[in-house]
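Peer 1: Structure: coords06.txt, compact mmCIF, C-alpha atoms.
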```
# COMPACT_ATOMS: atom_id res chain seq x y z
CA MET A 1175 0.00 0.00 0.00
CA THR A 1176 1.26 3.50 -0.87
CA LEU A 1177 -1.57 5.42 0.85
CA THR A 1178 -4.22 4.65 3.48
CA LEU A 1179 -7.01 7.19 4.00
CA ILE A 1180 -9.69 7.05 6.69
CA HIS A 1181 -12.93 8.80 5.76
CA THR A 1182 -15.25 9.80 8.61
CA SER A 1183 -17.89 12.48 8.96
CA ASP A 1184 -20.61 14.23 10.94
CA TRP A 1185 -19.07 14.05 14.41
CA HIS A 1186 -21.40 16.76 15.75
CA LEU A 1187 -19.19 17.55 18.72
CA GLY A 1188 -21.25 19.30 21.40
CA HIS A 1189 -24.43 17.44 20.44
CA GLU A 1190 -27.18 16.85 23.00
CA LEU A 1191 -30.12 14.47 22.67
CA ALA A 1192 -33.27 15.54 24.52
CA GLY A 1193 -31.08 17.52 26.90
CA HIS A 1194 -28.67 14.63 27.49
CA PRO A 1195 -25.00 15.45 26.67
CA ARG A 1196 -23.04 13.12 24.39
CA GLU A 1197 -19.54 13.97 25.66
CA ALA A 1198 -18.79 10.48 26.99
CA GLU A 1199 -19.77 8.95 23.64
CA HIS A 1200 -17.59 11.37 21.72
CA GLU A 1201 -14.68 10.60 24.04
CA ALA A 1202 -15.16 6.87 23.45
CA PHE A 1203 -15.36 7.32 19.67
CA LEU A 1204 -12.31 9.56 19.43
CA ALA A 1205 -10.25 7.21 21.62
CA TRP A 1206 -11.28 4.32 19.35
CA LEU A 1207 -10.45 6.38 16.24
CA LEU A 1208 -6.98 7.14 17.57
CA GLY A 1209 -6.44 3.39 17.85
CA GLN A 1210 -7.69 2.89 14.29
CA LEU A 1211 -5.22 5.44 12.96
CA ASP A 1212 -2.48 3.15 14.25
CA GLU A 1213 -4.15 -0.15 13.42
CA GLN A 1214 -4.95 0.89 9.84
CA GLU A 1215 -1.57 2.66 9.48
CA ALA A 1216 -3.40 5.76 8.27
CA ASP A 1217 -1.62 8.42 6.25
CA VAL A 1218 -4.66 10.70 5.86
CA LEU A 1219 -7.73 11.37 7.99
CA LEU A 1220 -10.57 13.08 6.11
CA VAL A 1221 -13.60 14.49 7.97
CA THR A 1222 -16.30 15.61 5.52
CA GLY A 1223 -18.14 18.25 7.52
CA ASP A 1224 -20.31 18.86 10.58
CA ILE A 1225 -17.39 18.52 12.94
CA TYR A 1226 -19.51 20.55 15.39
CA ASP A 1227 -23.23 20.32 16.10
CA VAL A 1228 -23.86 24.07 16.04
CA ALA A 1229 -22.22 27.14 14.55
CA ASN A 1230 -21.15 28.31 18.02
CA PRO A 1231 -20.10 25.09 19.76
CA PRO A 1232 -19.35 24.94 23.49
CA VAL A 1233 -15.74 25.40 24.54
CA SER A 1234 -15.67 21.76 25.64
CA ALA A 1235 -16.39 20.65 22.05
CA MET A 1236 -13.61 22.79 20.61
CA ARG A 1237 -11.22 21.60 23.30
CA ARG A 1238 -12.11 18.00 22.46
CA LEU A 1239 -11.34 18.53 18.76
CA TYR A 1240 -7.99 20.21 19.39
CA ALA A 1241 -6.97 17.58 21.95
CA PHE A 1242 -7.75 14.87 19.42
CA LEU A 1243 -5.73 16.60 16.69
CA ALA A 1244 -2.77 16.97 19.04
CA ALA A 1245 -2.95 13.31 20.08
CA ALA A 1246 -3.31 12.12 16.47
CA SER A 1247 -0.32 14.17 15.31
CA ALA A 1248 1.78 12.93 18.22
CA ARG A 1249 0.93 9.28 17.59
CA ARG A 1250 1.37 9.49 13.81
CA PRO A 1251 3.81 12.29 12.93
CA GLY A 1252 3.30 11.80 9.20
CA LEU A 1253 -0.52 11.96 9.36
CA LEU A 1254 -2.39 14.63 7.38
CA THR A 1255 -5.83 15.52 8.76
CA VAL A 1256 -8.27 17.40 6.49
CA ILE A 1257 -11.47 18.83 8.01
CA LEU A 1258 -14.22 20.29 5.82
CA GLY A 1259 -16.94 22.68 6.96
CA GLY A 1260 -20.51 21.35 7.01
CA ASN A 1261 -23.94 22.96 7.17
CA HIS A 1262 -23.93 22.79 10.99
CA ASP A 1263 -20.53 24.47 11.18
CA SER A 1264 -19.50 28.10 11.09
CA ALA A 1265 -17.04 28.42 8.21
CA ALA A 1266 -15.16 31.19 10.03
CA ARG A 1267 -14.88 29.11 13.21
CA ILE A 1268 -13.59 26.09 11.25
CA ASN A 1269 -10.91 28.24 9.58
CA LEU A 1270 -9.97 30.13 12.75
CA PRO A 1271 -7.10 27.89 14.05
CA ALA A 1272 -5.56 27.34 10.60
CA PRO A 1273 -2.81 30.01 10.94
CA LEU A 1274 -1.58 28.34 14.13
CA LEU A 1275 -1.19 24.89 12.55
CA ASP A 1276 1.18 23.28 10.10
CA GLU A 1277 -0.70 22.83 6.80
CA ALA A 1278 1.32 19.72 6.13
CA ARG A 1279 -0.35 18.08 9.15
CA VAL A 1280 -3.79 19.71 9.57
CA ARG A 1281 -5.87 21.44 6.89
CA PHE A 1282 -9.15 23.23 7.60
CA VAL A 1283 -11.44 24.08 4.67
CA GLY A 1284 -14.37 25.90 6.25
CA ASN A 1285 -15.71 27.72 3.21
CA LEU A 1286 -15.34 27.73 -0.54
CA PRO A 1287 -12.04 29.42 -1.54
CA ARG A 1288 -12.53 32.28 -4.01
CA LYS A 1289 -10.28 34.49 -6.12
CA VAL A 1290 -10.63 37.66 -8.19
CA ARG A 1291 -11.91 37.06 -11.71
CA PRO A 1292 -9.43 37.66 -14.58
CA ASP A 1293 -11.42 40.72 -15.66
CA GLY A 1294 -11.32 42.12 -12.12
CA GLU A 1295 -15.12 42.07 -11.91
CA GLY A 1296 -16.01 40.21 -8.72
CA THR A 1297 -14.74 36.83 -7.57
CA MET A 1298 -14.98 33.20 -8.62
CA PRO A 1299 -14.29 29.83 -6.95
CA ASP A 1300 -10.58 29.09 -6.71
CA HIS A 1301 -10.34 25.51 -7.95
CA ALA A 1302 -6.60 25.25 -7.41
CA ALA A 1303 -6.91 26.30 -3.76
CA MET A 1304 -9.20 23.31 -3.12
CA LEU A 1305 -6.61 20.79 -4.29
CA ILE A 1306 -4.59 19.12 -1.55
CA PRO A 1307 -1.75 16.64 -2.19
CA LEU A 1308 -2.05 13.50 -0.06
CA PRO A 1309 1.23 12.00 1.18
CA GLY A 1310 1.69 8.25 1.18
CA LYS A 1311 3.85 5.88 3.21
CA THR A 1312 7.11 7.26 1.86
CA GLY A 1313 6.07 10.90 2.15
CA GLU A 1314 5.70 11.27 -1.61
CA ILE A 1315 2.37 12.38 -3.10
CA ALA A 1316 0.18 9.29 -3.62
CA ALA A 1317 -3.16 10.94 -4.51
CA TRP A 1318 -4.89 14.32 -4.74
CA LEU A 1319 -7.95 15.55 -2.85
CA ALA A 1320 -10.43 18.13 -4.11
CA ALA A 1321 -11.59 19.50 -0.74
CA VAL A 1322 -15.04 20.99 -1.39
CA PRO A 1323 -16.85 22.10 1.81
CA PHE A 1324 -20.56 22.79 2.27
CA CYS A 1325 -21.58 25.55 -0.14
CA ARG A 1326 -24.02 28.10 1.23
CA PRO A 1327 -26.30 30.00 -1.15
CA GLY A 1328 -23.96 33.01 -1.30
CA ASP A 1329 -20.81 30.94 -1.87
CA LEU A 1330 -21.49 29.98 -5.47
CA GLY A 1331 -22.62 33.33 -6.81
CA ALA A 1332 -23.93 32.93 -10.34
CA GLU A 1333 -22.02 29.69 -10.91
CA PRO A 1334 -24.12 26.51 -10.64
CA LEU A 1335 -22.88 23.67 -8.46
CA GLN A 1336 -22.39 21.51 -11.55
CA SER A 1337 -19.94 24.07 -12.92
CA LEU A 1338 -18.06 24.17 -9.61
CA TYR A 1339 -17.56 20.40 -9.50
CA ALA A 1340 -16.73 20.21 -13.20
CA GLY A 1341 -14.08 22.88 -12.74
CA VAL A 1342 -12.49 21.44 -9.63
CA ALA A 1343 -12.55 17.91 -11.10
CA ALA A 1344 -10.86 19.11 -14.29
CA ALA A 1345 -8.23 21.01 -12.30
CA GLY A 1346 -7.73 18.02 -10.03
CA ALA A 1347 -7.41 15.52 -12.87
CA GLU A 1348 -4.80 17.71 -14.54
CA ARG A 1349 -2.85 18.10 -11.31
CA ALA A 1350 -3.13 14.41 -10.36
CA GLY A 1351 -2.06 13.03 -13.71
CA SER A 1352 -1.78 9.26 -13.25
CA LEU A 1353 -2.42 9.47 -9.49
CA PRO A 1354 -5.91 8.89 -8.02
CA LEU A 1355 -8.20 11.91 -7.57
CA ILE A 1356 -10.57 11.99 -4.59
CA LEU A 1357 -13.53 14.38 -4.64
CA SER A 1358 -15.37 15.48 -1.51
CA GLY A 1359 -18.48 17.37 -0.50
CA HIS A 1360 -21.08 18.03 2.16
CA LEU A 1361 -24.47 17.85 0.50
CA HIS A 1362 -27.47 15.61 -0.16
CA VAL A 1363 -27.07 13.38 -3.21
CA ALA A 1364 -30.25 11.83 -4.58
CA GLY A 1365 -30.57 8.18 -3.63
CA GLY A 1366 -29.10 8.60 -0.15
CA ALA A 1367 -31.23 7.52 2.84
CA VAL A 1368 -32.18 10.46 5.07
CA SER A 1369 -32.65 10.63 8.85
CA GLU A 1370 -35.56 13.04 9.28
CA LEU A 1371 -35.06 13.88 12.96
CA SER A 1372 -31.41 14.92 12.98
CA GLU A 1373 -30.43 16.04 9.47
CA ARG A 1374 -31.33 19.57 8.53
CA ARG A 1375 -32.60 19.93 5.02
CA ILE A 1376 -30.12 21.92 2.96
CA VAL A 1377 -30.23 23.60 -0.42
CA VAL A 1378 -27.01 23.68 -2.45
CA GLY A 1379 -26.96 25.22 -5.90
CA GLY A 1380 -30.74 25.76 -5.78
CA GLU A 1381 -31.58 22.09 -5.20
CA GLU A 1382 -32.17 20.06 -2.05
CA ALA A 1383 -30.84 16.81 -3.57
CA GLN A 1384 -28.17 16.66 -6.25
CA ALA A 1385 -27.89 14.03 -8.97
CA ALA A 1386 -24.92 11.66 -8.68
CA SER A 1387 -23.93 12.77 -12.19
CA LEU A 1388 -22.55 15.87 -10.44
CA PHE A 1389 -19.32 13.92 -9.94
CA ASP A 1390 -16.68 13.31 -12.60
CA PRO A 1391 -16.19 9.64 -13.56
CA ARG A 1392 -12.43 10.23 -13.44
CA ALA A 1393 -12.65 10.40 -9.64
CA ALA A 1394 -11.36 7.30 -7.88
CA TYR A 1395 -13.64 8.02 -4.91
CA VAL A 1396 -16.15 10.64 -3.75
CA ALA A 1397 -16.12 11.20 0.04
CA LEU A 1398 -19.36 12.75 1.26
CA GLY A 1399 -20.79 14.13 4.48
CA HIS A 1400 -24.26 15.24 5.68
CA LEU A 1401 -26.32 12.02 5.68
CA HIS A 1402 -25.86 10.09 8.93
CA ARG A 1403 -26.32 6.56 7.57
CA ALA A 1404 -23.07 5.06 6.24
CA GLN A 1405 -23.99 4.19 2.65
CA ASP A 1406 -22.90 3.96 -0.94
CA VAL A 1407 -24.64 5.97 -3.66
CA ALA A 1408 -24.86 4.69 -7.23
CA GLY A 1409 -23.06 6.95 -9.68
CA PRO A 1410 -20.35 7.25 -12.32
CA CYS A 1411 -17.64 6.47 -9.74
CA PRO A 1412 -17.50 5.12 -6.15
CA ILE A 1413 -19.54 7.52 -3.96
CA ARG A 1414 -19.90 7.05 -0.21
CA TYR A 1415 -21.28 8.75 2.86
CA ALA A 1416 -19.14 7.83 5.87
CA GLY A 1417 -22.06 8.60 8.18
CA SER A 1418 -22.01 9.73 11.81
CA PRO A 1419 -20.04 7.85 14.50
CA PHE A 1420 -23.17 6.94 16.52
CA PRO A 1421 -26.94 7.62 16.42
CA LEU A 1422 -27.82 11.29 16.68
CA SER A 1423 -31.55 10.60 17.05
CA ALA A 1424 -33.79 7.68 17.96
CA THR A 1425 -34.56 7.11 14.27
CA GLU A 1426 -30.89 6.18 13.72
CA ARG A 1427 -30.73 3.44 16.35
CA ASP A 1428 -30.67 0.67 13.73
CA TYR A 1429 -27.87 2.25 11.68
CA ALA A 1430 -24.59 0.37 11.30
CA HIS A 1431 -22.02 3.11 11.92
CA SER A 1432 -18.52 2.76 10.48
CA ILE A 1433 -15.47 4.51 9.11
CA SER A 1434 -14.43 4.03 5.49
CA VAL A 1435 -10.85 2.97 4.78
CA LEU A 1436 -9.33 3.58 1.35
CA ARG A 1437 -6.10 1.89 0.35
CA VAL A 1438 -4.14 2.99 -2.69
CA SER A 1439 -1.41 0.95 -4.33
CA PRO A 1440 0.06 1.14 -7.84
CA GLY A 1441 -2.85 0.55 -10.22
CA LYS A 1442 -5.29 -0.39 -7.42
CA PHE A 1443 -7.80 1.43 -5.23
CA ALA A 1444 -9.61 -0.58 -2.53
CA LEU A 1445 -12.40 0.57 -0.21
CA GLY A 1446 -13.40 -1.13 3.05
CA GLU A 1447 -15.33 -0.41 6.23
CA VAL A 1448 -14.56 -0.79 9.94
CA PRO A 1449 -17.62 -0.92 12.26
CA ILE A 1450 -17.59 1.64 15.09
CA PRO A 1451 -18.38 0.16 18.52
CA ARG A 1452 -21.55 1.74 19.90
CA PRO A 1453 -20.68 3.37 23.24
CA VAL A 1454 -24.29 3.60 24.48
CA PRO A 1455 -27.29 1.41 23.49
CA PHE A 1456 -30.53 2.84 22.10
CA LEU A 1457 -33.64 1.13 23.42
CA ALA A 1458 -37.28 1.34 22.40
CA VAL A 1459 -40.33 0.21 24.38
CA PRO A 1460 -41.94 -1.60 22.73
CA ALA A 1461 -39.13 -2.74 20.44
CA ARG A 1462 -41.31 -2.13 17.37
CA GLY A 1463 -44.51 -0.18 16.88
CA ALA A 1464 -46.68 0.87 19.81
CA ALA A 1465 -48.37 -0.85 22.76
CA PRO A 1466 -51.16 0.08 25.20
CA LEU A 1467 -50.13 2.09 28.24
CA ASP A 1468 -50.50 -0.79 30.73
CA ALA A 1469 -48.24 -3.03 28.62
CA VAL A 1470 -45.68 -0.24 28.19
CA VAL A 1471 -45.61 0.46 31.93
CA ALA A 1472 -45.12 -3.23 32.71
CA GLU A 1473 -42.18 -3.43 30.31
CA LEU A 1474 -40.63 -0.27 31.75
CA GLU A 1475 -40.94 -1.58 35.30
CA ALA A 1476 -39.00 -4.68 34.22
CA LEU A 1477 -36.00 -2.65 33.07
CA PRO A 1478 -32.88 -3.00 35.26
CA ALA A 1479 -32.38 -0.56 38.10
CA ASP A 1480 -29.47 1.87 38.26
CA GLU A 1481 -26.61 -0.14 39.77
CA GLY A 1482 -23.89 2.48 39.74
CA LEU A 1483 -23.33 2.81 36.00
CA PRO A 1484 -22.35 6.45 35.24
CA ARG A 1485 -25.37 8.33 33.95
CA GLU A 1486 -23.59 9.31 30.74
CA ARG A 1487 -23.41 5.58 29.95
CA HIS A 1488 -27.10 4.85 30.58
CA PRO A 1489 -28.93 3.62 27.46
CA PHE A 1490 -31.20 6.05 25.65
CA LEU A 1491 -34.88 5.14 25.62
CA GLU A 1492 -37.83 5.99 23.38
CA VAL A 1493 -41.35 5.06 24.49
CA THR A 1494 -44.31 4.68 22.11
CA VAL A 1495 -47.81 4.31 23.54
CA ALA A 1496 -50.87 3.31 21.53
CA VAL A 1497 -53.84 5.48 22.53
CA ASP A 1498 -57.43 5.70 21.32
CA GLY A 1499 -58.39 8.78 23.30
CA PRO A 1500 -57.17 11.17 25.99
CA GLU A 1501 -54.64 9.71 28.45
CA PRO A 1502 -54.15 12.51 30.98
CA HIS A 1503 -51.84 10.47 33.21
CA LEU A 1504 -49.73 8.91 30.44
CA GLN A 1505 -46.55 10.89 31.03
CA ALA A 1506 -46.79 10.64 34.81
CA ARG A 1507 -47.17 6.85 34.67
CA VAL A 1508 -44.23 6.47 32.28
CA LEU A 1509 -41.98 8.64 34.42
CA ALA A 1510 -43.02 6.81 37.59
CA ALA A 1511 -42.21 3.45 35.98
CA LEU A 1512 -38.76 4.76 35.02
CA ASP A 1513 -37.90 6.05 38.49
CA GLY A 1514 -34.54 4.58 39.49
CA LYS A 1515 -33.99 2.85 36.13
CA ALA A 1516 -30.65 2.96 34.32
CA VAL A 1517 -31.99 4.66 31.19
CA ARG A 1518 -32.22 8.17 29.74
CA LEU A 1519 -35.60 9.00 28.25
CA THR A 1520 -35.47 10.81 24.91
CA ARG A 1521 -39.17 11.13 24.13
CA ILE A 1522 -42.65 9.68 24.65
CA LEU A 1523 -44.66 9.16 21.47
CA ARG A 1524 -48.43 8.76 21.32
CA GLN A 1525 -49.70 6.67 18.44
CA VAL A 1526 -53.40 7.21 17.83
CA ALA A 1527 -55.20 3.98 17.04
CA THR A 1528 -58.28 5.64 15.49
CA ALA A 1529 -58.32 7.00 11.98
CA PRO A 1530 -57.70 10.77 11.82
CA ASP A 1531 -60.55 13.13 10.98
CA ALA A 1532 -60.45 14.01 7.29
CA ASN A 1533 -61.13 17.65 8.19
CA GLU A 1534 -58.06 17.88 10.42
CA GLY A 1535 -54.92 19.53 9.10
CA PRO A 1536 -51.91 17.48 7.92
CA LEU A 1537 -50.05 18.20 11.17
CA ALA A 1538 -52.92 17.30 13.51
CA GLY A 1539 -51.77 15.03 16.32
CA ALA A 1540 -48.11 15.36 15.39
CA ASP A 1541 -45.52 15.62 18.13
CA LEU A 1542 -43.92 19.07 18.24
CA GLY A 1543 -40.43 17.57 18.32
CA ASP A 1544 -41.11 15.68 15.07
CA LEU A 1545 -42.24 18.68 13.02
CA ALA A 1546 -39.83 19.93 10.39
CA PRO A 1547 -39.98 23.70 9.75
CA GLU A 1548 -40.58 23.02 6.04
CA ALA A 1549 -43.63 20.88 6.86
CA VAL A 1550 -45.11 23.59 9.06
CA PHE A 1551 -44.47 26.19 6.36
CA ALA A 1552 -46.12 24.00 3.70
CA ALA A 1553 -49.12 23.30 5.96
CA LEU A 1554 -49.65 27.00 6.73
CA HIS A 1555 -49.32 27.88 3.06
CA GLY A 1556 -51.89 25.23 2.17
CA ALA A 1557 -54.29 26.44 4.86
CA LYS A 1558 -54.14 29.99 3.48
CA TYR A 1559 -54.13 29.19 -0.23
CA GLY A 1560 -56.73 26.48 -0.69
CA GLY A 1561 -54.55 23.50 0.12
CA ASN A 1562 -51.95 24.30 -2.53
CA PRO A 1563 -48.31 23.64 -1.60
CA PRO A 1564 -45.87 26.54 -1.84
CA PRO A 1565 -44.38 26.96 -5.33
CA ASP A 1566 -40.83 25.72 -5.87
CA ASP A 1567 -39.20 29.15 -5.77
CA LEU A 1568 -40.95 30.06 -2.50
CA ALA A 1569 -40.08 26.70 -0.90
CA ARG A 1570 -36.47 27.11 -2.00
CA ALA A 1571 -36.32 30.65 -0.57
CA PHE A 1572 -37.69 29.37 2.75
CA ALA A 1573 -35.10 26.56 2.82
CA GLU A 1574 -32.29 29.05 2.15
CA LEU A 1575 -33.61 31.29 4.93
CA LEU A 1576 -33.52 28.33 7.32
CA ILE A 1577 -29.89 27.69 6.42
CA GLU A 1578 -28.94 31.29 7.12
CA VAL A 1579 -30.79 31.33 10.46
CA ASN A 1580 -29.31 27.99 11.56
CA THR A 1581 -25.78 29.19 10.88
CA LEU A 1582 -26.01 32.60 12.55
CA PRO A 1583 -23.46 33.04 15.37
CA ALA A 1584 -25.03 33.12 18.80
CA GLY A 1585 -26.12 36.58 19.84
CA GLU A 1586 -26.70 37.89 16.31
CA PRO A 1587 -30.31 38.85 15.48
CA ALA A 1588 -32.03 36.58 12.97
```
Reformat the file's structure so that it appears as structure tokens.
Peer 2:
Amino acid sequence: MTLTLIHTSDWHLGHELAGHPREAEHEAFLAWLLGQLDEQEADVLLVTGDIYDVANPPVSAMRRLYAFLAAASARRPGLLTVILGGNHDSAARINLPAPLLDEARVRFVGNLPRKVRPDGEGTMPDHAAMLIPLPGKTGEIAAWLAAVPFCRPGDLGAEPLQSLYAGVAAAGAERAGSLPLILSGHLHVAGGAVSELSERRIVVGGEEAQAASLFDPRAAYVALGHLHRAQDVAGPCPIRYAGSPFPLSATERDYAHSISVLRVSPGKFALGEVPIPRPVPFLAVPARGAAPLDAVVAELEALPADEGLPRERHPFLEVTVAVDGPEPHLQARVLAALDGKAVRLTRILRQVATAPDANEGPLAGADLGDLAPEAVFAALHGAKYGGNPPPDDLARAFAELLIEVNTLPAGEPA
């Protein structure tokens, strides 16, 4: 092997689930990843966005990232770590430590690099600035990376996303010559499975989901971030989401989380996966579907009691109760049954057994925590305009507004 690259993504440092911190899980994952850097003899670590959960992460999250980078560089002096900005990240915050670090060891690409146009009128994406040489076992360049971060609506200007990727792929192929070219991105590619509860909808280049034809067939591999399920996407070349290191919502509890490992040798390019140990279990009562309140309470009462396990290691729990009418004491009974149990409750769902009233709105009976802003917007638009959904341009403008609001630094007015 001349080069080994580990592709991981969507760490979401600083994440909380239903008010429960995930610091212990991140510590466990990063300790395991440090071991994998040695075990896989990694030359490059690529993180394709959403390194943080919010644009203004807590100091503990930033400290955790920098401590990991220091430990990784100490353990593997020849390692190059490349971190891309994602839609949850602040591009400025991602780029902030770059001047203090050796670019040969750590590269941050928070936003799309731009340069002045040849005619001096405005700016354009700087394709060459996105190209990063990847050192192999001997220190010589073994492949090239086109490091494309999440592109916000204002990043592209008048240039469509297809033009951006065509330009950077062409520049990368010319620079790489006979060496492999790896493309990257943080976006939603059509065909990828989405986790509705923890992945914000994003619009890149005017579209929510991009066609896989966006990527040049000359690429040896396309490393993607944003979707939390580790998965391949059919396209003109190998395309893969590395996925998140552990479930970020209850809907992801059945995901098989992993890191992707690419190995390059003369004339060969192999891709494999290494499963990530789950630091904390995700439980559901009942295991599938819903059950009447009495049955749910009985199952909860049978859960093991807290026997000294640190709270940050308690399993997460989602409860789903089948109801056919008002249950005024439902929450109180569930909480009483969980008293002293070694679990952390994420949410209680009510599943109505009776058919909904045809005159009720599309969001009637929905749990507030499950409502996506886009769904609320569409429902309100339909209620005001005779049931018609918002037109495409209005829906796209609302989605872009959501992106801008979600990435505002704390303290700035929306």
Peer 1: Can you work out which one of A:Leu1361, A:Ala1416, A:Leu1220, A:Ala1316 has the shortest atom-to-atom distance to Gly1441 in chain A, counting only C-alpha atoms?
Peer 2: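 Among the listed residues, A:Ala1316 lies closest to Gly1441 in chain A.
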Peer 1: Tell me, as a PyMOL selection string, which residues lie within 9 Å of Ala1496 in chain A, counting only C-alpha atoms; anything in the same chain fewer than 2 positions away does not count.
Peer 2: chain A and resi 1463-1467+1494+1498+1523-1527
Peer 1: Please determine, counting all atoms listed in the file, which residue among A:Pro1273, A:Asp1227, A:Thr1176, A:Ala1241 has the shortest atom-to-atom distance to Glu1314 in chain A.
Peer 2: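 For Glu1314 in chain A, the nearest of the candidates is A:Thr1176.
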Peer 1: What's the 9 Å shell around Leu1504 in chain A, counting all atoms listed in the file, without same-chain residues fewer than 4 positions away, as a list in words?
Peer 2: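 In the requested form, the answer reads Leu1467, Val1495, Pro1500, Val1508 and Leu1509 of chain A.
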Peer 1: Which residue is closest to Glu1199 in chain A? Choose from A:Val1470, A:Leu1187, A:Ala1229, A:Leu1401 and count only C-alpha atoms.
Peer 2: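 Distance minimum relative to Glu1199 in chain A lands on A:Leu1187.
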Peer 1: Please indicate the distance in Å from CA of Leu1219 in chain A to CA of Thr1178 in chain A, rounded to one decimal place.
Peer 2: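 CA of Thr1178 in chain A lies 8.8 Å from CA of Leu1219 in chain A.
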Peer 1: Counting all atoms listed in the file, figure out which residue out of A:His1488, A:His1301, A:Arg1427, A:His1362 gets nearest to Ala1343 in chain A.
Peer 2: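 Using all atoms listed in the file, Ala1343 in chain A sits closest to A:His1301.
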Peer 1: Could you check how far CA of His1189 in chain A sits from CA of Ala1321 in chain A, in Å to one decimal?
Peer 2: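 Atom-to-atom, CA of His1189 in chain A to CA of Ala1321 in chain A, that is 24.9 Å.
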Peer 1: Give the answer as one residue: which of A:Glu1548, A:Asp1276, A:Glu1492, A:Glu1197 has the shortest atom-to-atom distance to Ala1424 in chain A, using all atoms listed in the file?
Peer 2: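 Residue with the minimum atom-to-atom distance to Ala1424 in chain A: A:Glu1492.
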Peer 1: Need to verify the contact set: Val1322 in chain A, 8 Å, only C-alpha atoms, exclusion of same-chain residues closer than 6 positions in sequence. Can you return it as a list in words?
Peer 2: Leu1258, Val1283, Leu1286, Met1304, Leu1357, Ser1358, Gly1359 and His1360 of chain A
Peer 1: Find the residues near Ala1458 in chain A: any atom within 9 Å, counting only C-alpha atoms, skip ones fewer than 2 places away on the same chain, and give them as a PyMOL selection string.
Peer 2: chain A and resi 1424+1456+1460-1462+1490-1494
Peer 1: Rounded to one decimal in Å, what is the spacing between CA of Ala1216 in chain A and CA of Asn1269 in chain A?
Peer 2: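 So the two atoms, CA of Ala1216 in chain A and CA of Asn1269 in chain A, lie 23.7 Å apart.
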Peer 1: Show which residues sit within 9 Å of Ala1192 in chain A, as a list in words. Count all atoms listed in the file, and ignore same-chain residues fewer than 5 positions away.
Peer 2: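 Residues near the query, excluding close chain neighbours: Leu1519, Thr1520 and Arg1521 of chain A.
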Peer 1: Which is closest to Pro1323 in chain A among A:Asp1406, A:Asp1293, A:Asp1224, A:Glu1447, if we use all atoms listed in the file?
Peer 2: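 Among the listed residues, the smallest separation from Pro1323 in chain A belongs to A:Asp1224.
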